[in-house]
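Colleague: Got input-v6.txt for you, compact mmCIF, C-alpha atoms and all ligand atoms:
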```
# COMPACT_ATOMS: atom_id res chain seq x y z
CA MET A 150 18.20 6.14 -9.74
CA THR A 151 17.60 6.08 -6.01
CA ARG A 152 18.70 3.34 -3.61
CA LEU A 153 15.12 2.09 -3.75
CA THR A 154 14.72 1.92 -7.55
CA ASN A 155 18.21 0.49 -7.84
CA CYS A 156 17.21 -2.36 -5.55
CA ILE A 157 13.85 -2.91 -7.29
CA LEU A 158 14.96 -2.65 -10.92
CA LYS A 159 18.63 -3.56 -10.93
CA LYS A 160 18.19 -6.15 -8.17
CA ASP A 161 21.15 -4.49 -6.47
CA HIS A 162 21.66 -6.04 -3.02
CA SER A 163 24.67 -4.02 -1.93
CA CYS A 164 22.45 -1.99 0.43
CA VAL A 165 19.09 -2.39 2.16
CA PRO A 166 16.75 0.54 1.46
CA ILE A 167 14.14 1.21 4.13
CA TRP A 168 10.70 2.79 4.44
CA PHE A 169 7.50 1.89 6.28
CA MET A 170 3.92 1.39 5.21
CA ARG A 171 1.83 3.97 7.09
CA GLN A 172 4.99 5.88 7.99
CA ALA A 173 2.98 9.11 7.73
CA GLY A 174 0.26 8.54 10.26
CA ARG A 175 -1.24 8.31 13.67
CA TYR A 176 1.82 7.13 15.61
CA LEU A 177 3.45 10.53 14.95
CA PRO A 178 2.44 13.36 17.33
CA GLU A 179 3.10 15.92 14.57
CA PHE A 180 0.56 14.11 12.37
CA ARG A 181 -2.00 13.87 15.17
CA LYS A 182 -1.69 17.60 15.71
CA ILE A 183 -2.64 18.36 12.10
CA ARG A 184 -5.30 15.64 12.11
CA SER A 185 -7.00 17.05 15.24
CA LYS A 186 -7.56 20.32 13.41
CA ASN A 187 -8.79 18.58 10.25
CA LYS A 188 -11.73 16.39 11.18
CA ASP A 189 -12.65 15.44 7.62
CA PHE A 190 -10.05 12.90 6.49
CA ILE A 191 -10.92 13.05 2.77
CA LYS A 192 -10.64 16.83 2.83
CA LEU A 193 -7.28 16.51 4.52
CA CYS A 194 -6.10 14.19 1.73
CA LEU A 195 -7.30 16.80 -0.78
CA ASN A 196 -5.36 19.60 0.89
CA SER A 197 -2.19 19.49 -1.22
CA ASN A 198 -0.09 21.64 1.12
CA LEU A 199 -0.97 19.65 4.22
CA SER A 200 -0.75 16.33 2.40
CA SER A 201 2.76 17.20 1.25
CA LYS A 202 3.73 18.36 4.72
CA ILE A 203 2.48 15.10 6.30
CA THR A 204 4.26 13.06 3.60
CA LEU A 205 7.57 14.65 4.59
CA GLN A 206 7.11 14.37 8.36
CA PRO A 207 8.63 10.90 8.79
CA LEU A 208 11.59 11.85 6.58
CA SER A 209 12.57 14.72 8.80
CA ARG A 210 12.73 12.30 11.74
CA PHE A 211 14.25 9.21 10.15
CA ASN A 212 16.80 8.41 7.47
CA LEU A 213 14.35 6.68 5.14
CA ASP A 214 14.82 5.96 1.43
CA ALA A 215 11.34 6.90 0.34
CA ALA A 216 8.38 9.08 1.08
CA ILE A 217 4.90 7.67 0.37
CA ILE A 218 2.35 10.24 -0.62
CA PHE A 219 -0.19 10.97 2.11
CA SER A 220 -3.52 9.93 0.59
CA ASP A 221 -5.70 6.83 0.84
CA ILE A 222 -6.72 3.92 -1.36
CA LEU A 223 -10.33 5.01 -0.78
CA MET A 224 -9.77 8.29 -2.63
CA VAL A 225 -10.61 6.27 -5.76
CA PRO A 226 -14.14 5.22 -4.66
CA TYR A 227 -14.55 8.82 -3.46
CA ALA A 228 -13.58 10.18 -6.91
CA LEU A 229 -16.01 7.68 -8.46
CA GLY A 230 -18.88 9.20 -6.54
CA GLN A 231 -19.21 7.16 -3.36
CA LYS A 232 -19.36 8.98 -0.07
CA VAL A 233 -16.41 7.94 2.11
CA GLU A 234 -16.22 8.70 5.82
CA PHE A 235 -13.72 7.71 8.48
CA LYS A 236 -15.33 7.30 11.85
CA LYS A 237 -13.25 7.12 14.99
CA ASN A 238 -12.44 3.49 15.97
CA LYS A 239 -14.79 2.19 13.30
CA GLY A 240 -12.76 2.32 10.11
CA PRO A 241 -14.02 3.57 6.76
CA ASP A 242 -17.72 3.95 6.10
CA LEU A 243 -18.91 4.13 2.46
CA SER A 244 -22.36 5.03 1.19
CA SER A 245 -24.15 2.13 -0.50
CA PHE A 246 -22.92 1.19 -3.93
CA ASP A 247 -25.02 1.98 -6.99
CA LEU A 248 -23.90 0.34 -10.24
CA LYS A 249 -25.81 2.73 -12.51
CA HIS A 250 -24.18 5.73 -10.87
CA PHE A 251 -20.80 4.04 -10.96
CA LEU A 252 -21.02 3.34 -14.70
CA LYS A 253 -21.85 6.96 -15.41
CA ASN A 254 -18.39 8.09 -14.33
CA ASP A 255 -15.88 9.42 -16.81
CA LYS A 256 -12.12 9.64 -16.59
CA LYS A 257 -11.86 13.38 -17.02
CA LYS A 258 -14.00 14.11 -14.01
CA PHE A 259 -12.26 11.37 -12.03
CA ILE A 260 -8.83 12.87 -12.67
CA TYR A 261 -10.13 16.36 -11.94
CA LYS A 262 -11.36 15.24 -8.53
CA LEU A 263 -8.00 13.66 -7.74
CA ASN A 264 -5.98 16.60 -8.99
CA PRO A 265 -5.04 17.75 -5.45
CA VAL A 266 -3.23 14.41 -4.99
CA TYR A 267 -1.12 15.12 -8.08
CA GLU A 268 -0.44 18.67 -6.86
CA ALA A 269 0.68 17.24 -3.51
CA ILE A 270 3.08 14.91 -5.33
CA LYS A 271 4.53 17.82 -7.34
CA LEU A 272 5.05 19.89 -4.19
CA THR A 273 6.63 16.97 -2.37
CA ARG A 274 8.95 16.05 -5.23
CA LYS A 275 10.29 19.61 -5.23
CA LYS A 276 11.12 19.46 -1.55
CA LEU A 277 12.38 15.89 -1.40
CA ASN A 278 16.08 15.14 -1.75
CA LYS A 279 16.89 13.62 -5.17
CA SER A 280 18.38 10.54 -3.55
CA LYS A 281 14.93 9.60 -2.17
CA SER A 282 12.05 7.91 -3.96
CA LEU A 283 8.49 9.18 -3.86
CA ILE A 284 6.05 6.28 -3.77
CA SER A 285 2.53 6.52 -5.15
CA PHE A 286 -0.06 3.85 -4.50
CA ILE A 287 -3.45 2.41 -5.34
CA GLY A 288 -5.71 -0.23 -3.85
CA ALA A 289 -6.04 -3.28 -6.11
CA PRO A 290 -9.54 -3.72 -7.65
CA TRP A 291 -10.58 -6.55 -5.31
CA THR A 292 -9.56 -4.66 -2.15
CA LEU A 293 -11.43 -1.57 -3.33
CA ALA A 294 -14.49 -3.72 -4.11
CA VAL A 295 -14.39 -5.10 -0.54
CA TYR A 296 -14.91 -1.55 0.73
CA MET A 297 -17.21 -0.37 -2.07
CA PHE A 298 -19.64 -3.26 -1.60
CA GLY A 299 -19.06 -3.67 2.15
CA LEU A 300 -18.03 -7.29 1.69
CA LYS A 301 -16.44 -7.78 5.09
CA LYS A 302 -18.11 -9.52 7.99
CA GLY A 303 -16.47 -8.58 11.28
CA LYS A 304 -12.78 -7.75 11.23
CA ASP A 305 -11.36 -10.16 8.70
CA GLN A 306 -13.96 -12.43 7.19
CA ILE A 307 -15.90 -12.30 3.99
CA ASN A 308 -19.69 -12.05 3.96
CA LYS A 309 -20.25 -15.04 1.65
CA ASP A 310 -23.96 -14.42 1.09
CA LYS A 311 -23.40 -10.84 0.04
CA PHE A 312 -20.51 -11.87 -2.18
CA LYS A 313 -22.64 -14.46 -3.97
CA LYS A 314 -25.56 -12.08 -4.33
CA LYS A 315 -23.38 -9.33 -5.80
CA GLU A 316 -20.96 -11.46 -7.80
CA LYS A 317 -22.13 -10.23 -11.23
CA GLU A 318 -21.82 -6.60 -10.19
CA ILE A 319 -18.45 -7.20 -8.56
CA LYS A 320 -17.09 -8.63 -11.82
CA ILE A 321 -18.14 -5.54 -13.75
CA VAL A 322 -16.66 -3.25 -11.11
CA LEU A 323 -13.31 -5.07 -11.01
CA GLU A 324 -12.94 -4.77 -14.76
CA THR A 325 -14.02 -1.11 -14.86
CA LEU A 326 -11.76 -0.11 -11.96
CA ILE A 327 -8.62 -1.26 -13.81
CA ASP A 328 -8.90 1.61 -16.28
CA TYR A 329 -9.45 4.24 -13.61
CA LEU A 330 -6.61 2.86 -11.50
CA CYS A 331 -4.19 2.96 -14.44
CA ALA A 332 -5.20 6.58 -15.06
CA HIS A 333 -4.56 7.36 -11.38
CA ILE A 334 -1.14 5.68 -11.55
CA ILE A 335 -0.01 7.51 -14.68
CA ASN A 336 -1.07 10.86 -13.27
CA GLN A 337 0.79 10.24 -10.03
CA HIS A 338 3.82 9.21 -12.06
CA LYS A 339 3.69 12.31 -14.27
CA ALA A 340 3.48 14.46 -11.14
CA GLY A 341 6.78 13.00 -9.92
CA ALA A 342 6.21 9.65 -8.18
CA ASP A 343 8.86 7.13 -9.27
CA VAL A 344 7.43 3.86 -7.85
CA VAL A 345 3.90 2.51 -7.34
CA GLN A 346 2.75 0.15 -4.62
CA ILE A 347 -0.40 -1.85 -5.31
CA PHE A 348 -2.18 -2.78 -2.06
CA ASP A 349 -4.32 -5.90 -2.28
CA SER A 350 -4.83 -5.83 1.47
CA TRP A 351 -7.84 -8.17 1.38
CA ALA A 352 -6.50 -10.66 -1.21
CA GLY A 353 -6.71 -13.22 1.64
CA LEU A 354 -10.52 -12.95 1.52
CA VAL A 355 -10.83 -14.00 -2.13
CA PRO A 356 -12.38 -17.49 -2.32
CA LYS A 357 -9.53 -19.85 -3.30
CA ASN A 358 -11.06 -20.92 -6.63
CA LYS A 359 -11.42 -17.27 -7.63
CA LEU A 360 -7.90 -16.06 -6.89
CA PHE A 361 -6.99 -16.09 -10.56
CA ASN A 362 -9.92 -13.94 -11.70
CA TYR A 363 -10.23 -11.61 -8.71
CA CYS A 364 -6.66 -11.18 -7.58
CA TYR A 365 -3.99 -12.31 -10.09
CA GLU A 366 -5.66 -11.05 -13.28
CA PRO A 367 -6.55 -7.51 -12.13
CA ASN A 368 -3.08 -7.11 -10.58
CA ARG A 369 -1.44 -8.48 -13.73
CA LYS A 370 -3.27 -6.06 -15.99
CA ILE A 371 -2.21 -3.10 -13.86
CA VAL A 372 1.39 -4.34 -13.60
CA ASP A 373 1.50 -4.85 -17.39
CA PHE A 374 0.32 -1.27 -17.85
CA CYS A 375 3.06 -0.02 -15.49
CA LYS A 376 5.69 -2.04 -17.34
CA LYS A 377 4.70 -0.40 -20.61
CA LYS A 378 5.07 2.97 -18.92
CA LYS A 379 8.30 1.91 -17.18
CA ILE A 380 6.94 2.49 -13.70
CA PRO A 381 8.44 0.12 -11.09
CA THR A 382 5.79 -1.89 -9.22
CA ILE A 383 5.57 -3.31 -5.71
CA CYS A 384 2.64 -5.68 -5.17
CA PHE A 385 1.21 -6.56 -1.78
CA PRO A 386 -1.28 -9.46 -2.00
CA ARG A 387 -1.75 -9.72 1.75
CA GLY A 388 -2.94 -12.98 3.27
CA ILE A 389 -2.67 -15.42 0.35
CA LYS A 390 -0.08 -17.63 2.08
CA THR A 391 1.95 -19.90 -0.24
CA ASN A 392 -0.09 -18.60 -3.20
CA TYR A 393 2.46 -15.77 -3.13
CA LYS A 394 4.40 -18.04 -5.48
CA ASN A 395 1.51 -18.33 -7.95
CA PHE A 396 0.86 -14.63 -7.65
CA ALA A 397 4.51 -13.83 -8.40
CA GLU A 398 4.56 -16.08 -11.46
CA LYS A 399 1.24 -14.87 -12.89
CA VAL A 400 1.54 -11.16 -12.11
CA ASN A 401 5.31 -10.75 -12.39
CA PRO A 402 5.72 -7.44 -10.53
CA ASP A 403 9.18 -5.92 -9.97
CA CYS A 404 8.91 -6.37 -6.22
CA LEU A 405 6.68 -8.17 -3.70
CA ASN A 406 5.87 -6.99 -0.19
CA LEU A 407 5.68 -9.97 2.19
CA ASP A 408 3.02 -10.12 4.89
CA TYR A 409 3.97 -11.31 8.36
CA ASN A 410 2.54 -14.80 7.87
CA ILE A 411 5.10 -15.53 5.17
CA ASP A 412 8.20 -17.32 6.40
CA PRO A 413 11.14 -15.24 5.09
CA VAL A 414 13.24 -18.36 4.38
CA TRP A 415 10.38 -19.83 2.35
CA ALA A 416 10.08 -16.51 0.48
CA LYS A 417 13.77 -16.39 -0.31
CA ASN A 418 13.69 -19.93 -1.70
CA ASN A 419 10.40 -19.67 -3.57
CA LEU A 420 10.43 -16.10 -4.86
CA LYS A 421 14.00 -16.18 -6.12
CA ASN A 422 13.64 -13.86 -9.10
CA PHE A 423 11.87 -11.07 -7.25
CA CYS A 424 13.00 -8.14 -5.22
CA LEU A 425 11.33 -8.60 -1.81
CA GLN A 426 10.13 -6.07 0.72
CA GLY A 427 8.92 -6.08 4.32
CA GLY A 428 7.63 -9.04 6.25
CA MET A 429 8.27 -8.22 9.91
CA ASN A 430 5.18 -8.17 12.11
CA PRO A 431 4.48 -4.54 13.12
CA ARG A 432 3.57 -5.84 16.61
CA ILE A 433 7.21 -6.81 17.17
CA LEU A 434 7.82 -3.09 17.65
CA PHE A 435 5.89 -3.30 20.97
CA LYS A 436 8.44 -5.75 22.41
CA LYS A 437 11.70 -5.16 24.29
CA GLU A 438 14.57 -3.70 22.35
CA VAL A 439 16.65 -6.92 22.31
CA GLU A 440 13.73 -8.85 20.89
CA ILE A 441 13.03 -6.21 18.26
CA PHE A 442 16.65 -6.19 17.10
CA LYS A 443 16.70 -9.99 17.02
CA GLU A 444 13.75 -9.99 14.62
CA VAL A 445 15.13 -7.11 12.51
CA ASP A 446 18.44 -8.98 12.21
CA LYS A 447 16.61 -12.14 11.22
CA TYR A 448 15.13 -10.43 8.15
CA LEU A 449 18.43 -8.69 7.33
CA ASN A 450 20.39 -11.92 7.51
CA VAL A 451 17.93 -14.12 5.62
CA PHE A 452 17.92 -11.62 2.74
CA LYS A 453 21.63 -10.77 2.90
CA ASN A 454 22.35 -11.76 -0.69
CA HIS A 455 18.93 -11.00 -2.10
CA PRO A 456 17.50 -7.67 -3.30
CA TYR A 457 15.58 -6.66 -0.16
CA ILE A 458 13.84 -3.51 1.07
CA PHE A 459 13.30 -3.27 4.81
CA ASN A 460 9.64 -2.62 5.70
CA LEU A 461 6.91 -4.43 7.63
CA GLY A 462 4.35 -7.16 7.01
CA HIS A 463 1.57 -4.58 7.33
CA GLY A 464 1.35 -0.88 8.23
CA LEU A 465 2.78 0.72 11.37
CA LEU A 466 0.27 0.60 14.22
CA PRO A 467 -0.92 3.79 15.94
CA LYS A 468 0.68 2.79 19.27
CA THR A 469 4.18 2.46 17.77
CA ASN A 470 6.81 4.46 19.62
CA PRO A 471 8.67 6.75 17.17
CA HIS A 472 11.85 6.54 19.30
CA ILE A 473 11.91 2.77 18.92
CA LEU A 474 11.37 3.16 15.18
CA GLN A 475 14.35 5.52 15.06
CA LYS A 476 16.54 2.76 16.54
CA VAL A 477 15.29 0.26 13.98
CA VAL A 478 16.07 2.65 11.11
CA LYS A 479 19.59 3.20 12.45
CA ARG A 480 20.16 -0.53 12.82
CA VAL A 481 19.05 -1.23 9.23
CA ASN A 482 21.02 1.74 7.88
CA SER A 483 24.22 0.48 9.49
CA PHE A 484 23.81 -3.16 8.39
CA LYS A 485 26.56 -4.37 6.10
O1 LIG A 501 1.54 4.84 4.21
C1 LIG A 501 1.37 6.05 4.42
O2 LIG A 501 1.83 6.65 5.39
C2 LIG A 501 0.64 6.84 3.35
C3 LIG A 501 -0.76 7.03 3.52
C4 LIG A 501 -1.72 5.85 3.53
C5 LIG A 501 -2.91 5.89 4.29
N1 LIG A 501 -3.65 4.79 3.94
C6 LIG A 501 -3.29 6.98 5.23
C7 LIG A 501 -4.32 6.73 6.25
C8 LIG A 501 -1.72 4.66 2.80
C9 LIG A 501 -0.67 4.08 1.88
C10 LIG A 501 -2.96 4.01 3.08
C11 LIG A 501 -3.36 2.74 2.42
C12 LIG A 501 -4.60 2.08 2.84
N2 LIG A 501 -5.78 2.66 3.24
C13 LIG A 501 -4.82 0.69 2.79
C14 LIG A 501 -3.80 -0.35 2.32
C15 LIG A 501 -2.81 -0.68 3.35
C16 LIG A 501 -3.36 -1.48 4.53
O3 LIG A 501 -3.29 -0.94 5.63
O4 LIG A 501 -3.80 -2.61 4.31
C17 LIG A 501 -6.12 0.44 3.22
C18 LIG A 501 -6.78 -0.93 3.36
C19 LIG A 501 -6.73 1.70 3.50
C20 LIG A 501 -8.12 1.96 3.94
C21 LIG A 501 -8.16 2.66 5.23
N3 LIG A 501 -7.81 3.99 5.42
C22 LIG A 501 -8.56 2.15 6.50
C23 LIG A 501 -9.02 0.73 6.75
C24 LIG A 501 -8.47 3.20 7.43
C25 LIG A 501 -8.89 3.23 8.88
C26 LIG A 501 -8.10 2.43 9.79
C27 LIG A 501 -6.59 2.60 9.67
O5 LIG A 501 -5.96 1.64 9.23
O6 LIG A 501 -6.05 3.67 9.96
C28 LIG A 501 -7.94 4.31 6.75
C29 LIG A 501 -7.64 5.64 7.34
C30 LIG A 501 -6.26 6.15 7.20
N4 LIG A 501 -5.53 6.11 6.05
C31 LIG A 501 -5.51 6.80 8.20
C32 LIG A 501 -4.29 7.18 7.61
C33 LIG A 501 -3.17 7.97 8.23
C34 LIG A 501 -5.98 7.11 9.63
C35 LIG A 501 -6.91 8.24 9.58
C36 LIG A 501 -7.14 8.81 10.93
O7 LIG A 501 -6.32 9.63 11.35
O8 LIG A 501 -8.16 8.47 11.52
```
In C-alpha cells, what does this structure look like?
Ligand code: CP3
Modeller:
Amino acid sequence: MTRLTNCILKKDHSCVPIWFMRQAGRYLPEFRKIRSKNKDFIKLCLNSNLSSKITLQPLSRFNLDAAIIFSDILMVPYALGQKVEFKKNKGPDLSSFDLKHFLKNDKKKFIYKLNPVYEAIKLTRKKLNKSKSLISFIGAPWTLAVYMFGLKKGKDQINKDKFKKKEKEIKIVLETLIDYLCAHIINQHKAGADVVQIFDSWAGLVPKNKLFNYCYEPNRKIVDFCKKKKIPTICFPRGIKTNYKNFAEKVNPDCLNLDYNIDPVWAKNNLKNFCLQGGMNPRILFKKEVEIFKEVDKYLNVFKNHPYIFNLGHGLLPKTNPHILQKVVKRVNSFK
C-alpha cells in the first residue's frame, strides 16, 4: 500500500498524503515546452512516451504522493467517434453529437483507440517509485454529456432549452457511457493504476430534481463496479453544495474530493465516514505567502484527526507559480 491508498482504504490519518488536480499541466514551463511542439492535444495524449514523461514532471519537482496519468476526460468521447479539439482560450470543441453513430460503437474498438493511454500507464508505473500511487481517471457520465451535447451556456450555466430538447437522448447516452467508462477504468487498472478519480465537474449544473438520476445513480453504478474489482475510488461531484451529503450516502465512494465552496468544518461533521480530499481554492495560491500558509494550515488543522488528502477544490490554474507550490508541498509534508 502507498500513503495514498492507506489513507483512502484504511482511513489512516497518521499522515497527510498530497497531490494536485492538474499537477501535470500548463503552469509548468517543462510542460509548456512539450506542448508548444505538439499542437494537437489529443495526439499528445495518445503519445505514450510523452504522456508518461509529462505525468512524471511534477514528481521530479515536488515530493508528491501520487502521479495522475496525463490524459483527458474527453478522450472517451474521442474514442466513441466524436471529433474533439482544444482551441486556444476557448476550451474544448466537439463535433455535433449523432446518436445513431454513437450507438454503433463497440467496446473492442473503443479500447483499441485508448490503448496508448494504457501503454502510458504501464511505462509510468515502471518508472514511478513503489511508494507512490498512480491515479487514473474518468469523467462521470453527466459531465461527459455536457461536453458531448454542448449543454453549457456561457461559462457555467446550463442551456435549459437544449437540455429539455435532448433529454431523451441524454438519458440513453448516460446509461450507455457507464459500460464504456467501466471498461476504461478496468483497463487503466490492469495497466498499473491503483486508484481512480471520477470527475463530475459539472454536477452543479444538473437540475436539482434530477440529481438522483443524472448524478448519484451513474456515479453509484461506476463506484459499485470499482468496489467489485477492488479499485479505490475518489469522487468529485463539483458544485452540488450540501448535496455532498446525499451524494456520499447514495454513492458511497471510498473518498470524496471537496470543492472550494464546501466549508471544511461542515464537511468534517457531515461526511464523517469518508476519507476527504482537497477543498482549498486554487486562487489562494495567487496570494501572499502568509495568507497561503494560513489557508493551508486551516485545512490541515480542521482535518487533523480525519483521513485527509491534501489537494485543491479544483485544478491548478495556469498562472500558478511552481515555486509557491513547492513551499505548499513542503509545509504539508512537514505537518504533524
Ligand atoms: O490532472 C492532471 O494533471 C492530469 C491530466 C488532466 C487533464 N485534464 C489535462 C489537460 C486531467 C485529470 C484532466 C481532467 C479534465 N479535463 C476535467 C475534469 C477536471 C476539471 O478541471 O474539472 C475536465 C472538465 C476536462 C476537460 C478539459 N480539458 C477542458 C475544459 C480543457 C480546457 C481548459 C483547461 O481546463 O485547461 C481541457 C484541456 C486540458 N486537459 C489541458 C490539460 C493539461 C490544457 C491543454 C492545453 O495545453 O491547452
Colleague: With the cut-off set at 8 Å and counting only C-alpha atoms, tabulate each residue of range 211-239 of chain A with an atom at most that distance from an atom of range 293-298 of chain A, showing the nearest atom pair and its distance in Å to one decimal, ordered by chain and increasing number, as CSV.
Modeller:
```
residue,atom,partner,partner_atom,distance
A:Ile222,CA,A:Leu293,CA,7.5
A:Leu223,CA,A:Leu293,CA,7.1
A:Pro226,CA,A:Met297,CA,6.9
A:Gln231,CA,A:Met297,CA,7.9
```
Colleague: Which residue, A:Gln426, A:Asn482, A:Glu316, A:Phe435, has the smallest gap to Cys156 in chain A when you use only C-alpha atoms?
Modeller: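 Smallest distance to Cys156 in chain A is found for A:Gln426.
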Colleague: Restricting the calculation to only C-alpha atoms, which member of A:Lys379, A:Arg210, A:Arg387, A:Lys339 is positioned closest to Asp403 in chain A?
Modeller: A:Lys379
Colleague: Find the residues with any atom within 12 Å of (-10.9, -7.5, -11.0); use only C-alpha atoms and the coordinates as given in the file, and write the answer as a ChimeraX atom specification.
Modeller: /A:288-295,316-328,330,349,352,355,359-371
Colleague: Do you have the atom C16 of ligand LIG 501 (chain A)-CA of Lys377 in chain A distance handy?
Modeller: 26.4 Å
Colleague: Within 7 Å of ligand LIG 501 (chain A) (counting only C-alpha atoms and all ligand atoms), which residues show up? I'd like them as JSON, numbers by chain.
Modeller: {"A": [169, 170, 171, 172, 173, 174, 175, 184, 190, 217, 218, 219, 220, 221, 222, 223, 235, 237, 240, 241, 286, 288, 348, 350, 463, 464]}
Colleague: Between A:Phe374, A:Glu234, A:Leu153, A:Pro207, single out the one closest to Tyr176 in chain A, counting only C-alpha atoms.
Modeller: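 Between A:Phe374, A:Glu234, A:Leu153, A:Pro207, the residue approaching Tyr176 in chain A most closely is A:Pro207.
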Colleague: Rank nothing, just name the residue among A:Asn336, A:Asn198, A:Asp242, A:Phe211 nearest to Trp168 in chain A, using only C-alpha atoms.
Modeller: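 Among A:Asn336, A:Asn198, A:Asp242, A:Phe211, it is A:Phe211 that comes nearest to Trp168 in chain A.
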Colleague: Please indicate the distance in Å from CA of Val225 in chain A to CA of Lys376 in chain A, rounded to one decimal place.
Modeller: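 Taking CA of Val225 in chain A and CA of Lys376 in chain A, their separation equals 21.7 Å.
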Colleague: For a quick check of understanding, using all atoms listed in the file, which of A:Lys314, A:Arg480, A:His472, A:His333 has the smallest distance to Val445 in chain A?
Modeller: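 When distances to Val445 in chain A are compared using all atoms listed in the file, the smallest one comes from A:Arg480.
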Colleague: From the options A:Lys309, A:Lys202, A:His250, A:Lys257, which residue's atoms come nearest to Ala269 in chain A, counting only C-alpha atoms?
Modeller: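 Closest to Ala269 in chain A of all the choices is A:Lys202.
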Colleague: Go ahead and compute the interatomic distance for CA of Val414 in chain A and CA of Gly428 in chain A, in Å to one decimal.
Modeller: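 Atom-to-atom, CA of Val414 in chain A to CA of Gly428 in chain A, that is 11.0 Å.
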Colleague: What's the 12 Å shell around Met150 in chain A, counting only C-alpha atoms, without same-chain residues fewer than 6 positions away, as a list of chain:residue names?
Modeller: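 So, after excluding close chain neighbours, the residues are A:Cys156, A:Ile157, A:Leu158, A:Lys159, A:Asp161, A:Asp214, A:Lys279, A:Ser280, A:Lys281, A:Ser282, A:Leu283, A:Asp343, A:Val344, A:Pro381.
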Colleague: Give as a ChimeraX atom specification the set of residues within 9 Å of the point (-17.0, 15.8, 14.2), where distances use the file's coordinates and only C-alpha atoms.
Modeller: /A:188-189,236
